[in-house]
$ cat structure_35.cif   # mmCIF, C-alpha atoms and all ligand atoms
data_start
loop_
_atom_site.group_PDB
_atom_site.id
_atom_site.type_symbol
_atom_site.label_atom_id
_atom_site.label_comp_id
_atom_site.auth_asym_id
_atom_site.auth_seq_id
_atom_site.Cartn_x
_atom_site.Cartn_y
_atom_site.Cartn_z
ATOM 1 C CA MET A 1 -13.406 -41.380 110.069
ATOM 2 C CA ARG A 2 -14.210 -37.732 109.657
ATOM 3 C CA ILE A 3 -15.873 -36.158 112.697
ATOM 4 C CA ASN A 4 -17.526 -32.737 112.554
ATOM 5 C CA LEU A 5 -16.872 -30.941 115.818
ATOM 6 C CA LYS A 6 -18.744 -27.961 117.194
ATOM 7 C CA VAL A 7 -16.605 -26.703 120.067
ATOM 8 C CA TRP A 8 -17.421 -24.000 122.619
ATOM 9 C CA ARG A 9 -14.679 -21.386 122.255
ATOM 10 C CA GLN A 10 -14.488 -18.635 124.857
ATOM 11 C CA PRO A 11 -11.194 -16.788 125.372
ATOM 12 C CA GLY A 12 -11.890 -15.933 129.005
ATOM 13 C CA PRO A 13 -14.512 -15.599 131.727
ATOM 14 C CA THR A 14 -15.542 -12.066 130.764
ATOM 15 C CA GLN A 15 -15.604 -12.542 126.981
ATOM 16 C CA LEU A 16 -18.454 -13.919 124.917
ATOM 17 C CA GLY A 17 -18.274 -17.520 123.749
ATOM 18 C CA LYS A 18 -19.648 -19.340 120.704
ATOM 19 C CA LEU A 19 -19.655 -22.754 119.046
ATOM 20 C CA VAL A 20 -16.960 -23.026 116.354
ATOM 21 C CA ASP A 21 -16.884 -25.728 113.636
ATOM 22 C CA TYR A 22 -13.811 -27.930 113.191
ATOM 23 C CA ALA A 23 -13.307 -31.040 111.063
ATOM 24 C CA ALA A 24 -11.314 -33.903 112.604
ATOM 25 C CA ASP A 25 -9.973 -35.969 109.682
ATOM 26 C CA ALA A 26 -8.350 -39.404 109.590
ATOM 27 C CA VAL A 27 -9.683 -40.252 113.048
ATOM 28 C CA SER A 28 -8.842 -43.824 114.062
ATOM 29 C CA ALA A 29 -11.457 -45.854 115.938
ATOM 30 C CA ASP A 30 -8.692 -46.761 118.413
ATOM 31 C CA MET A 31 -7.987 -43.155 119.423
ATOM 32 C CA SER A 32 -9.275 -41.887 122.713
ATOM 33 C CA PHE A 33 -11.482 -38.800 122.533
ATOM 34 C CA LEU A 34 -8.693 -36.642 123.981
ATOM 35 C CA GLU A 35 -6.133 -38.030 121.504
ATOM 36 C CA MET A 36 -8.500 -36.987 118.716
ATOM 37 C CA LEU A 37 -8.594 -33.462 120.237
ATOM 38 C CA ASP A 38 -4.763 -33.492 120.487
ATOM 39 C CA VAL A 39 -4.598 -34.119 116.724
ATOM 40 C CA VAL A 40 -7.076 -31.287 116.060
ATOM 41 C CA ASN A 41 -4.985 -28.999 118.300
ATOM 42 C CA GLU A 42 -1.737 -29.920 116.517
ATOM 43 C CA SER A 43 -3.266 -28.854 113.198
ATOM 44 C CA LEU A 44 -4.572 -25.612 114.785
ATOM 45 C CA ILE A 45 -1.088 -24.860 116.179
ATOM 46 C CA ARG A 46 0.495 -25.551 112.752
ATOM 47 C CA LYS A 47 -1.891 -22.985 111.236
ATOM 48 C CA GLY A 48 -1.016 -20.465 113.957
ATOM 49 C CA ASP A 49 -4.478 -20.713 115.555
ATOM 50 C CA ASP A 50 -5.235 -20.919 119.264
ATOM 51 C CA PRO A 51 -5.596 -24.592 120.337
ATOM 52 C CA ILE A 52 -8.768 -25.742 122.106
ATOM 53 C CA ALA A 53 -8.257 -25.570 125.886
ATOM 54 C CA PHE A 54 -9.336 -28.681 127.822
ATOM 55 C CA ASP A 55 -8.207 -30.301 131.075
ATOM 56 C CA SER A 56 -6.556 -33.693 131.430
ATOM 57 C CA ASP A 57 -3.840 -35.369 133.458
ATOM 58 C CA CYS A 58 -3.736 -39.140 134.026
ATOM 59 C CA ARG A 59 -5.805 -40.111 130.944
ATOM 60 C CA GLU A 60 -6.519 -43.358 132.809
ATOM 61 C CA GLY A 61 -9.826 -42.433 134.441
ATOM 62 C CA ILE A 62 -8.400 -41.950 137.926
ATOM 63 C CA CYS A 63 -7.462 -38.291 138.490
ATOM 64 C CA GLY A 64 -10.716 -36.418 137.726
ATOM 65 C CA ALA A 65 -9.022 -33.657 135.717
ATOM 66 C CA CYS A 66 -10.835 -34.273 132.426
ATOM 67 C CA GLY A 67 -14.477 -33.635 131.661
ATOM 68 C CA PHE A 68 -16.783 -31.673 129.386
ATOM 69 C CA LEU A 69 -20.186 -32.149 127.795
ATOM 70 C CA ILE A 70 -20.323 -34.309 124.670
ATOM 71 C CA ASN A 71 -23.645 -33.788 122.909
ATOM 72 C CA GLY A 72 -25.037 -32.544 126.214
ATOM 73 C CA VAL A 73 -23.896 -35.530 128.307
ATOM 74 C CA PRO A 74 -21.061 -35.155 130.858
ATOM 75 C CA HIS A 75 -18.134 -37.386 129.780
ATOM 76 C CA GLY A 76 -20.095 -38.565 126.708
ATOM 77 C CA PRO A 77 -22.209 -41.585 125.819
ATOM 78 C CA ASP A 78 -20.448 -44.480 127.641
ATOM 79 C CA PRO A 79 -21.713 -45.171 131.188
ATOM 80 C CA GLY A 80 -19.111 -45.323 133.958
ATOM 81 C CA THR A 81 -16.449 -43.778 131.715
ATOM 82 C CA THR A 82 -14.433 -40.557 131.883
ATOM 83 C CA VAL A 83 -13.897 -38.636 128.642
ATOM 84 C CA CYS A 84 -10.206 -39.666 128.644
ATOM 85 C CA GLN A 85 -11.301 -43.315 128.526
ATOM 86 C CA LEU A 86 -13.924 -42.778 125.828
ATOM 87 C CA HIS A 87 -12.818 -44.134 122.441
ATOM 88 C CA MET A 88 -13.626 -42.907 118.964
ATOM 89 C CA ARG A 89 -15.028 -46.331 118.032
ATOM 90 C CA ARG A 90 -18.141 -45.095 119.845
ATOM 91 C CA PHE A 91 -18.731 -42.630 116.962
ATOM 92 C CA LYS A 92 -19.468 -43.060 113.244
ATOM 93 C CA ASP A 93 -17.887 -41.490 110.189
ATOM 94 C CA GLY A 94 -19.628 -38.158 109.513
ATOM 95 C CA ASP A 95 -21.011 -37.728 113.050
ATOM 96 C CA THR A 96 -21.463 -34.195 114.393
ATOM 97 C CA VAL A 97 -20.278 -33.894 117.987
ATOM 98 C CA ILE A 98 -20.903 -30.838 120.184
ATOM 99 C CA LEU A 99 -18.437 -30.064 122.996
ATOM 100 C CA GLU A 100 -19.279 -27.645 125.809
ATOM 101 C CA PRO A 101 -17.820 -26.936 129.257
ATOM 102 C CA TRP A 102 -19.544 -27.834 132.545
ATOM 103 C CA ARG A 103 -22.121 -25.099 133.051
ATOM 104 C CA ALA A 104 -22.641 -24.191 136.726
ATOM 105 C CA LYS A 105 -22.342 -20.917 138.646
ATOM 106 C CA ALA A 106 -19.996 -22.524 141.159
ATOM 107 C CA PHE A 107 -17.666 -23.666 138.308
ATOM 108 C CA PRO A 108 -16.713 -20.365 136.622
ATOM 109 C CA LEU A 109 -15.333 -20.744 133.118
ATOM 110 C CA ILE A 110 -11.598 -20.203 132.636
ATOM 111 C CA LYS A 111 -11.284 -20.826 128.883
ATOM 112 C CA ASP A 112 -13.059 -22.924 126.212
ATOM 113 C CA LEU A 113 -13.774 -26.299 127.888
ATOM 114 C CA VAL A 114 -11.900 -25.556 131.134
ATOM 115 C CA VAL A 115 -13.738 -24.499 134.289
ATOM 116 C CA ASP A 116 -12.516 -23.668 137.785
ATOM 117 C CA ARG A 117 -13.444 -26.560 140.109
ATOM 118 C CA SER A 118 -11.593 -25.245 143.159
ATOM 119 C CA ALA A 119 -14.967 -25.052 144.957
ATOM 120 C CA PHE A 120 -14.609 -28.841 145.380
ATOM 121 C CA ASP A 121 -11.226 -28.355 147.072
ATOM 122 C CA ARG A 122 -12.771 -25.856 149.479
ATOM 123 C CA ILE A 123 -15.555 -28.339 150.376
ATOM 124 C CA ILE A 124 -12.916 -30.967 151.178
ATOM 125 C CA GLN A 125 -10.852 -28.409 153.144
ATOM 126 C CA ALA A 126 -13.992 -27.544 155.151
ATOM 127 C CA GLY A 127 -14.123 -31.200 156.232
ATOM 128 C CA GLY A 128 -10.838 -30.648 158.067
ATOM 129 C CA TYR A 129 -8.672 -33.325 159.584
ATOM 130 C CA THR A 130 -9.322 -36.767 161.047
ATOM 131 C CA SER A 131 -7.949 -37.575 164.506
ATOM 132 C CA ILE A 132 -6.369 -40.990 164.129
ATOM 133 C CA ASN A 133 -3.936 -42.514 166.570
ATOM 134 C CA VAL A 134 -2.066 -44.465 163.927
ATOM 135 C CA GLY A 135 0.225 -46.417 166.191
ATOM 136 C CA GLY A 136 1.948 -49.297 164.406
ATOM 137 C CA ALA A 137 0.669 -51.424 161.530
ATOM 138 C CA GLN A 138 -0.436 -53.961 164.089
ATOM 139 C CA ASP A 139 -2.744 -51.401 165.790
ATOM 140 C CA GLY A 140 -4.323 -50.495 162.457
ATOM 141 C CA ASN A 141 -5.073 -54.117 161.702
ATOM 142 C CA SER A 142 -6.677 -54.626 165.113
ATOM 143 C CA ILE A 143 -9.590 -52.279 164.268
ATOM 144 C CA LEU A 144 -12.177 -54.706 162.977
ATOM 145 C CA ILE A 145 -14.544 -53.389 160.272
ATOM 146 C CA SER A 146 -17.093 -55.570 158.533
ATOM 147 C CA LYS A 147 -16.522 -56.432 154.886
ATOM 148 C CA PRO A 148 -19.754 -54.758 153.622
ATOM 149 C CA THR A 149 -18.846 -51.527 155.457
ATOM 150 C CA VAL A 150 -15.317 -51.545 154.060
ATOM 151 C CA GLU A 151 -16.694 -52.058 150.550
ATOM 152 C CA GLN A 152 -19.200 -49.196 150.929
ATOM 153 C CA ALA A 153 -16.510 -46.855 152.255
ATOM 154 C CA MET A 154 -14.159 -47.847 149.451
ATOM 155 C CA ASP A 155 -16.857 -47.335 146.809
ATOM 156 C CA SER A 156 -17.545 -43.840 148.186
ATOM 157 C CA ALA A 157 -13.835 -43.035 148.197
ATOM 158 C CA ALA A 158 -13.753 -43.837 144.458
ATOM 159 C CA CYS A 159 -15.110 -40.346 143.663
ATOM 160 C CA ILE A 160 -12.470 -38.568 141.547
ATOM 161 C CA GLY A 161 -13.934 -35.051 141.912
ATOM 162 C CA CYS A 162 -14.547 -34.578 138.197
ATOM 163 C CA GLY A 163 -17.711 -32.457 138.552
ATOM 164 C CA ALA A 164 -19.874 -34.412 136.088
ATOM 165 C CA CYS A 165 -22.571 -34.791 138.759
ATOM 166 C CA VAL A 166 -22.856 -31.003 139.022
ATOM 167 C CA ALA A 167 -22.951 -30.586 135.248
ATOM 168 C CA ALA A 168 -25.771 -33.127 134.888
ATOM 169 C CA CYS A 169 -27.936 -31.693 137.677
ATOM 170 C CA LYS A 170 -30.599 -29.125 136.811
ATOM 171 C CA ASN A 171 -29.921 -27.520 140.205
ATOM 172 C CA ALA A 172 -26.120 -27.667 139.712
ATOM 173 C CA SER A 173 -25.972 -29.489 143.034
ATOM 174 C CA ALA A 174 -22.741 -31.051 144.248
ATOM 175 C CA ALA A 175 -24.634 -33.308 146.669
ATOM 176 C CA LEU A 176 -23.278 -36.524 145.125
ATOM 177 C CA PHE A 177 -19.662 -35.353 145.370
ATOM 178 C CA THR A 178 -20.055 -33.991 148.923
ATOM 179 C CA SER A 179 -21.947 -37.064 150.101
ATOM 180 C CA ALA A 180 -19.282 -39.399 148.708
ATOM 181 C CA LYS A 181 -16.614 -37.473 150.631
ATOM 182 C CA VAL A 182 -18.743 -37.408 153.802
ATOM 183 C CA SER A 183 -19.633 -41.104 153.497
ATOM 184 C CA HIS A 184 -16.214 -42.633 153.075
ATOM 185 C CA LEU A 185 -15.102 -41.256 156.445
ATOM 186 C CA ALA A 186 -18.464 -41.483 158.242
ATOM 187 C CA LEU A 187 -18.621 -45.223 157.528
ATOM 188 C CA LEU A 188 -15.257 -45.980 159.133
ATOM 189 C CA PRO A 189 -14.315 -45.840 162.832
ATOM 190 C CA GLN A 190 -11.240 -43.775 161.874
ATOM 191 C CA GLY A 191 -13.552 -40.952 160.731
ATOM 192 C CA GLY A 192 -15.715 -41.121 163.833
ATOM 193 C CA VAL A 193 -14.146 -38.453 166.052
ATOM 194 C CA GLU A 194 -14.994 -35.432 163.849
ATOM 195 C CA ARG A 195 -17.965 -37.094 162.156
ATOM 196 C CA GLN A 196 -20.609 -34.548 163.233
ATOM 197 C CA ARG A 197 -18.500 -31.450 162.768
ATOM 198 C CA ARG A 198 -17.329 -32.662 159.360
ATOM 199 C CA VAL A 199 -20.757 -33.161 157.780
ATOM 200 C CA VAL A 200 -22.045 -29.784 158.977
ATOM 201 C CA THR A 201 -19.034 -27.774 157.788
ATOM 202 C CA MET A 202 -18.913 -29.568 154.418
ATOM 203 C CA VAL A 203 -22.630 -29.092 153.717
ATOM 204 C CA GLU A 204 -22.401 -25.429 154.750
ATOM 205 C CA ARG A 205 -19.400 -24.929 152.433
ATOM 206 C CA HIS A 206 -21.288 -26.678 149.596
ATOM 207 C CA ASP A 207 -24.146 -24.187 149.952
ATOM 208 C CA ALA A 208 -21.839 -21.185 150.355
ATOM 209 C CA GLU A 209 -20.039 -22.067 147.097
ATOM 210 C CA GLY A 210 -23.324 -21.613 145.202
ATOM 211 C CA PHE A 211 -24.192 -25.246 144.446
ATOM 212 C CA GLY A 212 -27.931 -25.971 144.412
ATOM 213 C CA SER A 213 -29.961 -28.375 146.515
ATOM 214 C CA CYS A 214 -30.592 -32.004 145.597
ATOM 215 C CA SER A 215 -34.106 -32.718 144.299
ATOM 216 C CA ASN A 216 -33.441 -36.455 144.113
ATOM 217 C CA GLU A 217 -33.696 -37.024 140.364
ATOM 218 C CA GLY A 218 -30.627 -39.192 139.914
ATOM 219 C CA GLU A 219 -29.063 -37.405 136.919
ATOM 220 C CA CYS A 220 -25.782 -37.278 138.877
ATOM 221 C CA GLU A 221 -25.716 -41.032 139.459
ATOM 222 C CA ALA A 222 -26.483 -41.681 135.772
ATOM 223 C CA VAL A 223 -23.397 -39.780 134.528
ATOM 224 C CA CYS A 224 -20.920 -40.433 137.343
ATOM 225 C CA PRO A 225 -17.865 -42.154 135.817
ATOM 226 C CA LYS A 226 -17.263 -43.945 139.127
ATOM 227 C CA GLU A 227 -20.934 -44.963 139.450
ATOM 228 C CA ILE A 228 -21.247 -43.413 142.921
ATOM 229 C CA PRO A 229 -24.832 -44.223 144.070
ATOM 230 C CA ILE A 230 -27.249 -41.560 145.345
ATOM 231 C CA THR A 231 -27.724 -43.621 148.510
ATOM 232 C CA ASN A 232 -24.689 -41.573 149.617
ATOM 233 C CA ILE A 233 -26.859 -38.442 149.498
ATOM 234 C CA ALA A 234 -29.442 -40.085 151.774
ATOM 235 C CA ARG A 235 -26.615 -41.021 154.164
ATOM 236 C CA MET A 236 -25.244 -37.455 154.111
ATOM 237 C CA ASN A 237 -28.711 -36.077 154.926
ATOM 238 C CA ARG A 238 -29.070 -38.512 157.853
ATOM 239 C CA GLU A 239 -25.594 -37.584 159.093
ATOM 240 C CA TYR A 240 -26.432 -33.881 158.793
ATOM 241 C CA PHE A 241 -29.764 -34.083 160.635
ATOM 242 C CA ARG A 242 -28.233 -36.190 163.403
ATOM 243 C CA ALA A 243 -25.374 -33.717 163.805
ATOM 244 C CA MET A 244 -27.773 -30.756 163.929
ATOM 245 C CA LEU A 245 -29.903 -32.489 166.564
ATOM 246 C CA VAL A 246 -26.993 -33.508 168.763
ATOM 247 C CA SER A 247 -24.868 -30.362 168.700
ATOM 248 C CA ARG A 248 -23.759 -27.420 166.632
ATOM 249 C CA PRO A 249 -20.011 -27.590 166.110
HETATM 250 S S1 LIG B 1 -19.545 -38.157 142.459
HETATM 251 FE FE1 LIG B 1 -18.977 -39.022 140.422
HETATM 252 S S2 LIG B 1 -19.496 -37.406 138.955
HETATM 253 FE FE2 LIG B 1 -19.427 -36.433 140.981
HETATM 254 S S3 LIG B 1 -17.339 -35.641 141.222
HETATM 255 FE FE3 LIG B 1 -17.352 -37.724 142.125
HETATM 256 S S4 LIG B 1 -16.727 -39.081 140.434
HETATM 257 FE FE4 LIG B 1 -17.313 -37.125 139.458
HETATM 258 S S1 LIG B 2 -7.492 -37.319 132.671
HETATM 259 FE FE1 LIG B 2 -7.522 -38.246 134.671
HETATM 260 S S2 LIG B 2 -9.559 -39.003 134.821
HETATM 261 FE FE2 LIG B 2 -9.459 -38.250 132.774
#

$ encode --input "structure_35.cif" --output "structure tokens"
Amino acid sequence: MRINLKVWRQPGPTQLGKLVDYAADAVSADMSFLEMLDVVNESLIRKGDDPIAFDSDCREGICGACGFLINGVPHGPDPGTTVCQLHMRRFKDGDTVILEPWRAKAFPLIKDLVVDRSAFDRIIQAGGYTSINVGGAQDGNSILISKPTVEQAMDSAACIGCGACVAACKNASAALFTSAKVSHLALLPQGGVERQRRVVTMVERHDAEGFGSCSNEGECEAVCPKEIPITNIARMNREYFRAMLVSRP
């Protein structure tokens, strides 16, 4: 296949960016999207040009490092799929594909398709520690938790922190990410000790980082590669209101 790429090129945060045309030739349907970009970059390097900057690490859909807009959709056209797991068989010979970075004030651009997502790290840091008396393995196993609760907590913990939810939201809200992180500890007895303090400090950090408010439209859920449901946002709001009523940390 031959794929016509229009890629956002921007040398740095203070320089102007623009879409630049590239042709990806001899693309195999079995290549992943990032492998296709690797091949384009190898030919750019051979010509002495600057390769396209993009993030990736595991390339197995588990680390959250990859992610950019493909024709305006975070991670591209396949539901529940990170861009590193997207395959070129999803495209046709001659297709034009537009690549742009996440666009949100709280994710400042570093270069080309790479943005700074350290705001997510600061939200998690704001959550602080959990006080768990770990004891022995036997003690851990003696804390009984119902199967549905365990499953919900595990599903929330599946968030990989990729930022697609922010990129899809017209308010650039990180409510889905923050609520997944709040939920997976709030649901379990091990997260109970700092439960109220945690939700307040994480929500306050979310707002301070410049993310917008949730207006409940579900764009985040639609593009999340881990299919995190927006019911987490409702849970985070309940946790937050309860914490504010009971005590200020
Ligand atoms: S909630 Fe989904 S889209 Fe948002 S950071 Fe987590 S995995 Fe990515
Ligand atoms: S590179 Fe790790 S999730 Fe895509």

$ resolve_selection --input "structure_35.cif" --expression "the PyMOL selection byres (((not hetatm)) within 6 of (chain B and resi 1))" --output "MDAnalysis selection string"
chainID A and resid 159:165 176:177 224:226 228

$ residues_near_ligand --input "structure_35.cif" --ligand "ligand LIG 2 (chain B)" --cutoff "8 Å" --atoms "only C-alpha atoms and all ligand atoms" --output "ChimeraX atom specification"
/A:55-67,82-85,160,162

$ resolve_selection --input "structure_35.cif" --expression "the PyMOL selection byres (((chain A and resi 190-201) around 6) and not hetatm)" --output "tab-separated table (two decimals) with C-alpha atoms, in the coordinates of the input"
chain	number	residue	atom	x	y	z
A	126	ALA	CA	-13.99	-27.54	155.15
A	127	GLY	CA	-14.12	-31.20	156.23
A	130	THR	CA	-9.32	-36.77	161.05
A	185	LEU	CA	-15.10	-41.26	156.44
A	186	ALA	CA	-18.46	-41.48	158.24
A	188	LEU	CA	-15.26	-45.98	159.13
A	189	PRO	CA	-14.32	-45.84	162.83
A	202	MET	CA	-18.91	-29.57	154.42
A	203	VAL	CA	-22.63	-29.09	153.72
A	204	GLU	CA	-22.40	-25.43	154.75
A	240	TYR	CA	-26.43	-33.88	158.79
A	243	ALA	CA	-25.37	-33.72	163.80
A	249	PRO	CA	-20.01	-27.59	166.11

$ residues_around --input "structure_35.cif" --residues "Leu44 in chain A" --least-positions-apart "5" --cutoff "12 Å" --atoms "all atoms listed in the file" --output "NGL selection string"
:A and (22-24 or 37-39 or 49-53)

$ atom_distance --input "structure_35.cif" --atom1 "CA of Ile98 in chain A" --atom2 "CA of Phe120 in chain A"
26.0 Å

$ atom_distance --input "structure_35.cif" --atom1 "CA of Thr149 in chain A" --atom2 "CA of Ala168 in chain A"
28.5 Å

$ closest_residue --input "structure_35.cif" --among "A:Lys170, A:Arg2, A:Lys18, A:Lys47" --to "Lys92 in chain A" --atoms "all atoms listed in the file"
A:Arg2

$ closest_residue --input "structure_35.cif" --among "A:Glu227, A:Asp121, A:Asp25, A:Asp95" --to "Asp78 in chain A" --atoms "all atoms listed in the file"
A:Glu227

$ atom_distance --input "structure_35.cif" --atom1 "CA of Val97 in chain A" --atom2 "CA of Leu16 in chain A"
21.2 Å

$ resolve_selection --input "structure_35.cif" --expression "the PyMOL selection byres (((chain A and resi 29) around 7) and not hetatm)" --output "ChimeraX atom specification"
/A:27-28,30-31,87-89

$ closest_residue --input "structure_35.cif" --among "A:Ala208, A:Val223, A:Ile233, A:Val182" --to "Val73 in chain A" --atoms "all atoms listed in the file"
A:Val223

$ closest_residue --input "structure_35.cif" --among "A:Gly212, A:Thr96, A:Pro229, A:Ala222" --to "Asn4 in chain A" --atoms "all atoms listed in the file"
A:Thr96

$ closest_residue --input "structure_35.cif" --among "A:Glu100, A:Leu34, A:Arg90, A:Val114" --to "Val20 in chain A" --atoms "only C-alpha atoms"
A:Glu100

$ closest_residue --input "structure_35.cif" --among "A:His75, A:Lys105, A:His184, A:Arg122" --to "Glu151 in chain A" --atoms "all atoms listed in the file"
A:His184
